[in-house]
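**Q** Okay, here's the structure, questions in a sec.
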Number of protein chains: 2
Amino acid sequence: MDLFRAYVIADALSILRDHVRLETPGEDTGLLAALHRTLDEDVFAPEDVPAFDRSTMDGFAVLARDTFGASEGLPAYLEVAGEVLMGHSPPGRLETGQAFRIATGGMLPEGADAVVMVEHTEDLDERTIGVTRPVAPGENLIRRGDDLTQGVLLLPRGHRLRPQDVGLLAAAGVTRVRTRKRLRVGIVTTGDEVVPVGQTPGPGQVRDVNSYTLSGQVHECGAEPVVYGIVRDDFDTLAGVMRRALDETQAVLISGGSSVGRRDVTVDVVASLGAPGVLFHGLAVRPGKPTIGAAIGEKLVVGLPGHPVSAMVVFALLVRPLLDPGYRAFPVRARVTRSLTSQAGKEDYVRVRLERDGEGRLTADPIPGKSGLIATMVRADGLARIPLESRGVAAGEEVEVIPF
Amino acid sequence: MDLFRAYVIADALSILRDHVRLETPGEDTGLLAALHRTLDEDVFAPEDVPAFDRSTMDGFAVLARDTFGASEGLPAYLEVAGEVLMGHSPPGRLETGQAFRIATGGMLPEGADAVVMVEHTEDLDERTIGVTRPVAPGENLIRRGDDLTQGVLLLPRGHRLRPQDVGLLAAAGVTRVRTRKRLRVGIVTTGDEVVPVGQTPGPGQVRDVNSYTLSGQVHECGAEPVVYGIVRDDFDTLAGVMRRALDETQAVLISGGSSVGRRDVTVDVVASLGAPGVLFHGLAVRPGKPTIGAAIGEKLVVGLPGHPVSAMVVFALLVRPLLDPGYRAFPVRARVTRSLTSQAGKEDYVRVRLERDGEGRLTADPIPGKSGLIATMVRADGLARIPLESRGVAAGEEVEVIPF
């Protein structure tokens with residue numbers, strides 16, 4: 001890497017990924033508590049699921065070859081010899097020429113190899129049906145082990161559990177799993193002009209917005225924010241707080257004081273904390289230029305811009321993928337409603353509001369207003385990306401939008 | 001509405017919206033606790049933000065007209081008469097011919113009306129700079145009240161608070177808000193074949209997956225799941241549990257037992273609970289056909305299919321928009337990698353895995369496997385929608401995918 005080079009997001013991410021390893025100890029949890037936590041073990045299927053051949057339709061279990069050639073005009077007549085009750089074994093073995101009533105989810109009797117949908121049968125009398133369409137062997141049923149085969153890897157270590165994953169574990173009868181404790185992420189605000197939210201700012205002062213926005217964003221990554229409050233722009237004070245935060249958490253976000261101005265001690269403090277230290281200072285990204293990326297041991301330190309909007313944008317693009325590697329934000333494509341200009345050599349992320357036009361296609365309406373305005377973030381649904389080499393996008397052209 | 005008509009998702013949603021009103025009492029909360037909760041009041045800005053004109057660049061506060069005509073060849077020379085310290089009032093009034101050093105976020109001195117970026121100046125001596133590019137009045141600054149004007153509506157009642165919304169409130173100095181208590185959503189599983197997850201299923205039995213997947217999905221809507229467990233397919237027992245759940249929660253999801261089979265008591269029980277009762281039984285949606293939509297008073301009751309995958313899909317399409325009206329799932333467009341067939345007259349939702357192709361465009365790879373298989377849901381990133389009137393989609397064509 002090159003300290004004096006300004007990276008685009010993808011390169012900055014890959015540099016940080018090379019140095020940072022965010023891990024917490026594991027602990028056993030029940031399934032409901034495991035939601036949104038990260039597995040600390042590979043989990044294998046302890047048994048076949050389903051444990052028996054099941055019907056996927058309401059109808060009749062049959063031997064498929066008894067129905068071959070059946071039609072509306074010439075139904076195949078079968079004896080209704082039994083009924084499969086839900087949650088019970090079938091009443092016996094099915095013989096050629098017989099049908100057992102069965103509901104969706106019912107256990108297929110021995111001897112049967114398919115299910116005829118009730119819509120494709122007619123009742124002749126209490127004991128006889130006519131099948132009006134043939135079924136193939138295996139039709140309308142799930143075989144034992146079709147969903148999960150005993151011993152198969154269900155979910156790998158490092159996977160973050162979504163509702164469907166918890167459902168998969170439940171289906172397999174896995175009731176406790178080893179998951180990592182939540183990541184703790186320190187949030188430090190610097191700046192001599194910043195005052196706590198409950199205080200009325202004096203002349204030249206502003207409220208500490210970033211402790212709140214960043215806490216919310218950390219929370220949405222499934223991690224636990226630890227707020228260290230506002231620290232003056234003083235080397236020793238800031239270094240002390242940063243050392244404590246690095247002791248107590250796995251990652252520290254420090255916002256404010258990262259612009260390349262004369263009063264900024266942040267980068268000096270970060271550089272003093274340990275190896276490998278500062279990996280880059282500056283991104284070729286707008287907003288987000290003054291971002292600092294660093295690793296102390298295997299822990300992550302990111303110096304975010306002081307402006308709340310810029311800090312949120314850099315968090316979404318650079319920090320979230322590191323805190324929550326399983327998160328996949330799929331960009332949507334939308335037509336911009338107004339032309340956007342961009343500096344070549346900069347990756348631009350423009351706040352947009354997504355709407356549907358008359359034909360149901362998405363449009364991206366750029367939110368007017370300067371980057372310091374938090375109100376612009378509230379009106380936006382996503383960030384439209386204008387690539388490095390582009391000088392702009394004309395109204396009506398498509399852009400990629402990352403929803404947030 | 002027509003009980004015997006099978007609706008598509010949009011129509012089913014609009015019927016439920018006409019009858020259901022999910023509200024909980026309000027309570028005062030601090031800002032950090034308010035994340036993801038719904039406002040129970042309109043919130044107005046108590047003051048202007050920012051409270052003073054601020055610089056958005058590191059540089060010099062100037063009177064714009066002192067820089068008119070300045071160029072690299074013929075800089076405008078200004079006296080550096082002071083410095084604005086962060087968090088403090090400027091040292092005095094700026095006079096014509098003067099410049100004050102100022103950092104990003106610094107308070108503009110009286111008399112100044114623009115900021116020159118430090119990159120567009122040169123130091124001549126300790127007390128003099130040359131400005132090499134003119135600035136217009138208002139350039140590189142945010143005016144008092146540009147972000148928020150006192151009295152303006154910040155966020156309306158009913159809005160669910162995202163990180164940027166909490167940041168907006170923090171910026172405005174609003175430290176407590178009235179939010180609605182979390183919605184409580186009851187989850188009832190029916191089916192004589194269903195056993196608790198911790199139990200080994202006997203012949204014909206399956207584990208209760210839906211209590212887990214639906215709890216996770218309810219949780220992701222910012223609501224609190226209340227699990228009532230497994231109830232036998234018996235009218236009186238089920239009706240008793242449903243009445244208790246309706247007493248204790250604002251919405252009840254009952255899964256299993258909603259297919260139009262012979263053993264199904266669910267729809268009879270729901271119909272018995274009160275007016276307006278069952279609003280529809282059956283959706284023209286695959287998976288999801290046997291869904292029941294109902295309102296009891298203004299509370300919501302949805303009968304979901306018993307299959308975990310179908311239940312999750314119907315939750316994502318029909319229940320989430322009701323529990324979490326602020327949630328906007330923007331569909332992404334992706335090319336399907338294999339042809340998909342569809343029955344005309346059915347809205348199909350096919351599980352797909354989203355990937356990027358060589359040119360960075362999204363592809364949607366349909367997940368093979370029958371709808372009863374929870375493993376298919378784990379491999380999927382989203383649901384590709386095949387509209388009602390379509391008979392299918394050819395490989396390489398674009399579909400809309402709803403990420404989940």
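Here's how to read the names in the structure tokens: chain A, B, ... by the order shown, residue numbers from 1 in each chain, ligand numbers from 1 in the order shown.
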Enumerate, in order of chain and increasing residue number, the residues of chain A with an atom no farther than 7 Å from chain B, each with its shortest atom pair and distance in Å to one decimal, counting only C-alpha atoms, as JSON lines.
**A**
{"residue": "A:Leu32", "atom": "CA", "partner": "B:Tyr212", "partner_atom": "CA", "distance": 6.6}
{"residue": "A:Leu35", "atom": "CA", "partner": "B:Gly216", "partner_atom": "CA", "distance": 6.6}
{"residue": "A:Asp58", "atom": "CA", "partner": "B:Gly261", "partner_atom": "CA", "distance": 6.8}
{"residue": "A:Met86", "atom": "CA", "partner": "B:Glu193", "partner_atom": "CA", "distance": 5.1}
{"residue": "A:Gly87", "atom": "CA", "partner": "B:Glu193", "partner_atom": "CA", "distance": 3.5}
{"residue": "A:His88", "atom": "CA", "partner": "B:Gly204", "partner_atom": "CA", "distance": 5.0}
{"residue": "A:Ser89", "atom": "CA", "partner": "B:Pro203", "partner_atom": "CA", "distance": 5.3}
{"residue": "A:Gly106", "atom": "CA", "partner": "B:Gly204", "partner_atom": "CA", "distance": 6.2}
{"residue": "A:Met107", "atom": "CA", "partner": "B:Gly204", "partner_atom": "CA", "distance": 4.9}
{"residue": "A:Asp147", "atom": "CA", "partner": "B:Leu373", "partner_atom": "CA", "distance": 5.1}
{"residue": "A:Pro163", "atom": "CA", "partner": "B:Gly216", "partner_atom": "CA", "distance": 4.7}
{"residue": "A:Gln164", "atom": "CA", "partner": "B:Thr213", "partner_atom": "CA", "distance": 5.7}
{"residue": "A:Asp165", "atom": "CA", "partner": "B:Val378", "partner_atom": "CA", "distance": 5.9}
{"residue": "A:Val166", "atom": "CA", "partner": "B:Thr213", "partner_atom": "CA", "distance": 6.4}
{"residue": "A:Gly167", "atom": "CA", "partner": "B:Thr213", "partner_atom": "CA", "distance": 5.0}
{"residue": "A:Leu168", "atom": "CA", "partner": "B:Ile374", "partner_atom": "CA", "distance": 6.0}
{"residue": "A:Ala170", "atom": "CA", "partner": "B:Val209", "partner_atom": "CA", "distance": 5.5}
{"residue": "A:Ala171", "atom": "CA", "partner": "B:Val209", "partner_atom": "CA", "distance": 5.6}
{"residue": "A:Gly173", "atom": "CA", "partner": "B:Val197", "partner_atom": "CA", "distance": 5.6}
{"residue": "A:Thr175", "atom": "CA", "partner": "B:Gly198", "partner_atom": "CA", "distance": 6.3}
{"residue": "A:Asp192", "atom": "CA", "partner": "B:Gly87", "partner_atom": "CA", "distance": 5.6}
{"residue": "A:Glu193", "atom": "CA", "partner": "B:Gly87", "partner_atom": "CA", "distance": 3.5}
{"residue": "A:Val197", "atom": "CA", "partner": "B:Gly173", "partner_atom": "CA", "distance": 5.6}
{"residue": "A:Gly198", "atom": "CA", "partner": "B:Gly173", "partner_atom": "CA", "distance": 6.3}
{"residue": "A:Pro203", "atom": "CA", "partner": "B:Ser89", "partner_atom": "CA", "distance": 5.3}
{"residue": "A:Gly204", "atom": "CA", "partner": "B:Gly87", "partner_atom": "CA", "distance": 4.5}
{"residue": "A:Gln205", "atom": "CA", "partner": "B:Gly87", "partner_atom": "CA", "distance": 4.6}
{"residue": "A:Arg207", "atom": "CA", "partner": "B:Ala171", "partner_atom": "CA", "distance": 5.9}
{"residue": "A:Val209", "atom": "CA", "partner": "B:Gly167", "partner_atom": "CA", "distance": 5.4}
{"residue": "A:Tyr212", "atom": "CA", "partner": "B:Gly167", "partner_atom": "CA", "distance": 5.7}
{"residue": "A:Thr213", "atom": "CA", "partner": "B:Pro163", "partner_atom": "CA", "distance": 4.8}
{"residue": "A:Gly216", "atom": "CA", "partner": "B:Pro163", "partner_atom": "CA", "distance": 4.6}
{"residue": "A:Gln217", "atom": "CA", "partner": "B:Pro163", "partner_atom": "CA", "distance": 6.0}
{"residue": "A:Gly261", "atom": "CA", "partner": "B:Asp58", "partner_atom": "CA", "distance": 6.7}
{"residue": "A:Pro331", "atom": "CA", "partner": "B:Val332", "partner_atom": "CA", "distance": 6.8}
{"residue": "A:Val332", "atom": "CA", "partner": "B:Val332", "partner_atom": "CA", "distance": 4.6}
{"residue": "A:Arg333", "atom": "CA", "partner": "B:Val332", "partner_atom": "CA", "distance": 6.8}
{"residue": "A:Leu373", "atom": "CA", "partner": "B:Asp147", "partner_atom": "CA", "distance": 5.1}
{"residue": "A:Ile374", "atom": "CA", "partner": "B:Leu168", "partner_atom": "CA", "distance": 6.0}
{"residue": "A:Ala375", "atom": "CA", "partner": "B:Asp147", "partner_atom": "CA", "distance": 6.1}
{"residue": "A:Met377", "atom": "CA", "partner": "B:Gln164", "partner_atom": "CA", "distance": 6.2}
{"residue": "A:Val378", "atom": "CA", "partner": "B:Gln164", "partner_atom": "CA", "distance": 5.8}
**Q** What lies within 6 Å of Arg351 (chain A) using only C-alpha atoms, ignoring chain neighbours under 5 positions off, as a compact mmCIF listing (two decimals) with N, CA and C atoms, in the first residue's frame?
**A**
# COMPACT_ATOMS: atom_id res chain seq x y z
N PRO A 366 -31.89 12.83 -7.44
CA PRO A 366 -30.81 13.32 -6.57
C PRO A 366 -31.35 14.32 -5.55
N ILE A 367 -30.90 14.18 -4.31
CA ILE A 367 -31.35 15.08 -3.24
C ILE A 367 -30.47 16.31 -3.30
N ALA A 380 -33.10 10.58 1.64
CA ALA A 380 -32.54 9.66 0.64
C ALA A 380 -32.88 8.21 0.94
N GLY A 382 -30.93 5.87 -0.96
CA GLY A 382 -29.75 5.13 -1.39
C GLY A 382 -28.69 6.06 -1.93
N LEU A 383 -27.57 5.44 -2.30
CA LEU A 383 -26.43 6.17 -2.82
C LEU A 383 -26.21 5.74 -4.27
**Q** Determine which residues of region 100-214 of chain B DSSP labels as helix (DSSP H, G or I) from the backbone of this structure, then write them out as a PDB file with N, CA and C atoms, in the first residue's frame.
**A**
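As a result, selection.pdb now contains:
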ATOM      1  N   VAL B 118      -7.954  26.415   0.966  1.00  0.00           N
ATOM      2  CA  VAL B 118      -6.522  26.645   1.179  1.00  0.00           C
ATOM      3  C   VAL B 118      -5.732  26.300  -0.088  1.00  0.00           C
ATOM      4  N   GLU B 119      -6.232  25.342  -0.875  1.00  0.00           N
ATOM      5  CA  GLU B 119      -5.558  24.956  -2.120  1.00  0.00           C
ATOM      6  C   GLU B 119      -5.517  26.107  -3.133  1.00  0.00           C
ATOM      7  N   HIS B 120      -6.395  27.095  -2.987  1.00  0.00           N
ATOM      8  CA  HIS B 120      -6.441  28.195  -3.939  1.00  0.00           C
ATOM      9  C   HIS B 120      -5.801  29.465  -3.358  1.00  0.00           C
ATOM     10  N   PRO B 163     -31.028   5.051  11.480  1.00  0.00           N
ATOM     11  CA  PRO B 163     -29.895   5.784  12.072  1.00  0.00           C
ATOM     12  C   PRO B 163     -29.854   7.249  11.657  1.00  0.00           C
ATOM     13  N   GLN B 164     -30.120   7.537  10.371  1.00  0.00           N
ATOM     14  CA  GLN B 164     -30.041   8.941   9.946  1.00  0.00           C
ATOM     15  C   GLN B 164     -31.152   9.788  10.578  1.00  0.00           C
ATOM     16  N   ASP B 165     -32.290   9.178  10.880  1.00  0.00           N
ATOM     17  CA  ASP B 165     -33.373   9.934  11.526  1.00  0.00           C
ATOM     18  C   ASP B 165     -32.997  10.282  12.962  1.00  0.00           C
ATOM     19  N   VAL B 166     -32.396   9.315  13.646  1.00  0.00           N
ATOM     20  CA  VAL B 166     -31.924   9.572  15.006  1.00  0.00           C
ATOM     21  C   VAL B 166     -30.862  10.677  14.969  1.00  0.00           C
ATOM     22  N   GLY B 167     -30.025  10.658  13.937  1.00  0.00           N
ATOM     23  CA  GLY B 167     -29.021  11.708  13.769  1.00  0.00           C
ATOM     24  C   GLY B 167     -29.659  13.071  13.554  1.00  0.00           C
ATOM     25  N   LEU B 168     -30.725  13.099  12.779  1.00  0.00           N
ATOM     26  CA  LEU B 168     -31.437  14.355  12.532  1.00  0.00           C
ATOM     27  C   LEU B 168     -31.969  14.930  13.846  1.00  0.00           C
ATOM     28  N   LEU B 169     -32.573  14.063  14.665  1.00  0.00           N
ATOM     29  CA  LEU B 169     -33.098  14.511  15.955  1.00  0.00           C
ATOM     30  C   LEU B 169     -31.957  15.014  16.842  1.00  0.00           C
ATOM     31  N   ALA B 170     -30.844  14.285  16.846  1.00  0.00           N
ATOM     32  CA  ALA B 170     -29.688  14.706  17.647  1.00  0.00           C
ATOM     33  C   ALA B 170     -29.201  16.078  17.197  1.00  0.00           C
ATOM     34  N   ALA B 171     -29.108  16.274  15.880  1.00  0.00           N
ATOM     35  CA  ALA B 171     -28.625  17.552  15.349  1.00  0.00           C
ATOM     36  C   ALA B 171     -29.528  18.693  15.800  1.00  0.00           C
ATOM     37  N   ALA B 172     -30.821  18.410  15.892  1.00  0.00           N
ATOM     38  CA  ALA B 172     -31.778  19.447  16.261  1.00  0.00           C
ATOM     39  C   ALA B 172     -31.869  19.627  17.771  1.00  0.00           C
ATOM     40  N   ASN B 210     -41.635 -23.215  11.757  1.00  0.00           N
ATOM     41  CA  ASN B 210     -42.209 -21.881  11.543  1.00  0.00           C
ATOM     42  C   ASN B 210     -42.127 -20.966  12.764  1.00  0.00           C
ATOM     43  N   SER B 211     -42.201 -21.537  13.968  1.00  0.00           N
ATOM     44  CA  SER B 211     -42.085 -20.670  15.148  1.00  0.00           C
ATOM     45  C   SER B 211     -40.748 -19.942  15.140  1.00  0.00           C
ATOM     46  N   TYR B 212     -39.726 -20.563  14.566  1.00  0.00           N
ATOM     47  CA  TYR B 212     -38.383 -19.970  14.551  1.00  0.00           C
ATOM     48  C   TYR B 212     -38.197 -18.998  13.378  1.00  0.00           C
ATOM     49  N   THR B 213     -38.562 -19.442  12.181  1.00  0.00           N
ATOM     50  CA  THR B 213     -38.385 -18.551  11.025  1.00  0.00           C
ATOM     51  C   THR B 213     -39.269 -17.303  11.178  1.00  0.00           C
ATOM     52  N   LEU B 214     -40.507 -17.503  11.602  1.00  0.00           N
ATOM     53  CA  LEU B 214     -41.409 -16.346  11.709  1.00  0.00           C
ATOM     54  C   LEU B 214     -40.999 -15.419  12.847  1.00  0.00           C
TER      55      LEU B 214
END
**Q** Which one of B:Arg320, B:Arg335, B:Arg144, B:Arg391 sits closest to Asp348 (chain B) if you count only C-alpha atoms?
**A**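 Smallest distance to Asp348 (chain B) is found for B:Arg391.
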**Q** I'd like to know which residues of region 260-402 of chain A are strand (DSSP E or B) (by DSSP, run on the backbone); could you write them as an MDAnalysis selection string?
**A** chainID A and resid 276:281 283 285:286 292:296 299:304 332:336 340:341 347:356 362:366 382:386 392:393 398:402
**Q** Env of region 180-188 of chain B: 6 Å cut, atoms = only C-alpha atoms, seq-sep filter 6 positions within chain, self excluded. Answer as a ChimeraX atom specification.
**A** /B:24-26,38,40,223-229,245,249-254
**Q** Find the residues around Gly277 (chain A) up to 7 Å (only C-alpha atoms counted), leave out those fewer than 4 positions away in its own chain, and share them as a list in words.
**A**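 Once the adjacent positions are removed, what remains is Val270, Ala271, Leu273, Ala294, Ala295 and Ile296 of chain A.
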**Q** Hey, can you spit out that residue selection with N, CA, C and O atoms as a PDB file, in the first residue's frame?
**A**
ATOM      1  N   VAL A 270      -3.500   7.844  15.922  1.00  0.00           N
ATOM      2  CA  VAL A 270      -3.706   6.496  15.385  1.00  0.00           C
ATOM      3  C   VAL A 270      -2.346   5.866  15.064  1.00  0.00           C
ATOM      4  O   VAL A 270      -2.082   4.710  15.389  1.00  0.00           O
ATOM      5  N   ALA A 271      -1.449   6.675  14.489  1.00  0.00           N
ATOM      6  CA  ALA A 271      -0.129   6.158  14.128  1.00  0.00           C
ATOM      7  C   ALA A 271       0.661   5.728  15.363  1.00  0.00           C
ATOM      8  O   ALA A 271       1.540   4.867  15.269  1.00  0.00           O
ATOM      9  N   LEU A 273      -0.489   4.182  18.019  1.00  0.00           N
ATOM     10  CA  LEU A 273      -1.150   3.147  18.841  1.00  0.00           C
ATOM     11  C   LEU A 273      -0.511   1.773  18.693  1.00  0.00           C
ATOM     12  O   LEU A 273      -0.748   0.893  19.513  1.00  0.00           O
ATOM     13  N   ALA A 294      -6.854   2.040   9.391  1.00  0.00           N
ATOM     14  CA  ALA A 294      -5.722   1.570  10.182  1.00  0.00           C
ATOM     15  C   ALA A 294      -6.037   0.225  10.812  1.00  0.00           C
ATOM     16  O   ALA A 294      -7.197  -0.151  10.975  1.00  0.00           O
ATOM     17  N   ALA A 295      -4.976  -0.503  11.147  1.00  0.00           N
ATOM     18  CA  ALA A 295      -5.105  -1.720  11.929  1.00  0.00           C
ATOM     19  C   ALA A 295      -4.120  -1.626  13.077  1.00  0.00           C
ATOM     20  O   ALA A 295      -2.973  -1.216  12.897  1.00  0.00           O
ATOM     21  N   ILE A 296      -4.573  -1.969  14.281  1.00  0.00           N
ATOM     22  CA  ILE A 296      -3.696  -2.019  15.452  1.00  0.00           C
ATOM     23  C   ILE A 296      -3.752  -3.471  15.910  1.00  0.00           C
ATOM     24  O   ILE A 296      -4.790  -3.929  16.382  1.00  0.00           O
TER      25      ILE A 296
END
**Q** Just the residues within 12 Å of Ser14 (chain A), please, counting only C-alpha atoms, with nothing from its chain fewer than 3 positions along; format it as a PDB file with N, CA and C atoms, in the first residue's frame.
**A**
ATOM      1  N   MET A   1       0.837  -1.212   0.000  1.00  0.00           N
ATOM      2  CA  MET A   1       0.000   0.000   0.000  1.00  0.00           C
ATOM      3  C   MET A   1       0.865   1.252   0.000  1.00  0.00           C
ATOM      4  N   TYR A   7      -7.329   5.893  -2.246  1.00  0.00           N
ATOM      5  CA  TYR A   7      -7.913   4.677  -2.793  1.00  0.00           C
ATOM      6  C   TYR A   7      -9.408   4.820  -3.044  1.00  0.00           C
ATOM      7  N   VAL A   8      -9.924   4.026  -3.975  1.00  0.00           N
ATOM      8  CA  VAL A   8     -11.375   3.893  -4.092  1.00  0.00           C
ATOM      9  C   VAL A   8     -11.826   2.857  -3.060  1.00  0.00           C
ATOM     10  N   ILE A   9     -13.139   2.761  -2.882  1.00  0.00           N
ATOM     11  CA  ILE A   9     -13.667   1.917  -1.810  1.00  0.00           C
ATOM     12  C   ILE A   9     -13.183   0.470  -1.919  1.00  0.00           C
ATOM     13  N   ALA A  10     -13.256  -0.111  -3.109  1.00  0.00           N
ATOM     14  CA  ALA A  10     -12.921  -1.532  -3.243  1.00  0.00           C
ATOM     15  C   ALA A  10     -11.473  -1.793  -2.814  1.00  0.00           C
ATOM     16  N   ASP A  11     -10.555  -0.903  -3.196  1.00  0.00           N
ATOM     17  CA  ASP A  11      -9.151  -1.094  -2.832  1.00  0.00           C
ATOM     18  C   ASP A  11      -8.925  -0.880  -1.338  1.00  0.00           C
ATOM     19  N   ARG A  17      -9.027  -5.620   4.775  1.00  0.00           N
ATOM     20  CA  ARG A  17      -9.281  -7.063   4.946  1.00  0.00           C
ATOM     21  C   ARG A  17      -7.980  -7.838   5.105  1.00  0.00           C
ATOM     22  N   ASP A  18      -6.915  -7.355   4.463  1.00  0.00           N
ATOM     23  CA  ASP A  18      -5.624  -8.042   4.567  1.00  0.00           C
ATOM     24  C   ASP A  18      -5.032  -7.957   5.972  1.00  0.00           C
ATOM     25  N   HIS A  19      -5.436  -6.962   6.754  1.00  0.00           N
ATOM     26  CA  HIS A  19      -4.771  -6.731   8.040  1.00  0.00           C
ATOM     27  C   HIS A  19      -5.651  -6.991   9.255  1.00  0.00           C
ATOM     28  N   VAL A  20      -6.966  -6.971   9.047  1.00  0.00           N
ATOM     29  CA  VAL A  20      -7.873  -6.953  10.190  1.00  0.00           C
ATOM     30  C   VAL A  20      -8.530  -8.320  10.355  1.00  0.00           C
ATOM     31  N   LEU A 279      -2.896   2.580   7.480  1.00  0.00           N
ATOM     32  CA  LEU A 279      -2.731   1.893   6.192  1.00  0.00           C
ATOM     33  C   LEU A 279      -3.021   2.829   5.019  1.00  0.00           C
ATOM     34  N   PHE A 280      -3.921   3.760   5.223  1.00  0.00           N
ATOM     35  CA  PHE A 280      -4.127   4.805   4.211  1.00  0.00           C
ATOM     36  C   PHE A 280      -4.741   6.018   4.886  1.00  0.00           C
ATOM     37  N   GLY A 293      -7.692   4.727   7.340  1.00  0.00           N
ATOM     38  CA  GLY A 293      -7.848   3.294   7.579  1.00  0.00           C
ATOM     39  C   GLY A 293      -6.623   2.785   8.309  1.00  0.00           C
ATOM     40  N   LEU A 318     -17.590   1.294   3.667  1.00  0.00           N
ATOM     41  CA  LEU A 318     -16.290   0.743   4.056  1.00  0.00           C
ATOM     42  C   LEU A 318     -16.336  -0.044   5.363  1.00  0.00           C
ATOM     43  N   VAL A 319     -17.134   0.409   6.326  1.00  0.00           N
ATOM     44  CA  VAL A 319     -17.101  -0.223   7.649  1.00  0.00           C
ATOM     45  C   VAL A 319     -18.077  -1.398   7.723  1.00  0.00           C
ATOM     46  N   PRO A 321     -19.127  -3.596   5.499  1.00  0.00           N
ATOM     47  CA  PRO A 321     -18.648  -4.869   4.953  1.00  0.00           C
ATOM     48  C   PRO A 321     -17.632  -5.574   5.861  1.00  0.00           C
ATOM     49  N   LEU A 322     -16.917  -4.813   6.698  1.00  0.00           N
ATOM     50  CA  LEU A 322     -15.940  -5.433   7.599  1.00  0.00           C
ATOM     51  C   LEU A 322     -16.609  -5.953   8.870  1.00  0.00           C
TER      52      LEU A 322
END
**Q** From the set A:Leu94, A:Ala384, A:Ala81, A:Leu246, which residue has the shortest atom-to-atom contact distance to Ile129 (chain A), counting only C-alpha atoms?
**A** A:Ala81
**Q** Which one is closest to Gly297 (chain A): A:Pro276, A:Gly282, A:Pro156, A:Gly92? Count only C-alpha atoms.
**A**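 Checking each candidate against Gly297 (chain A), we get A:Pro276 as the closest.
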**Q** Using only C-alpha atoms, which protein or nucleic acid residues come within 10 Å of Ala6 (chain B)? Drop anything in the same chain fewer than 5 positions from it, and give the result as JSON, numbers by chain.
**A** {"B": [11, 12, 280, 281, 282, 283, 284, 285, 289, 290, 291, 345, 346]}
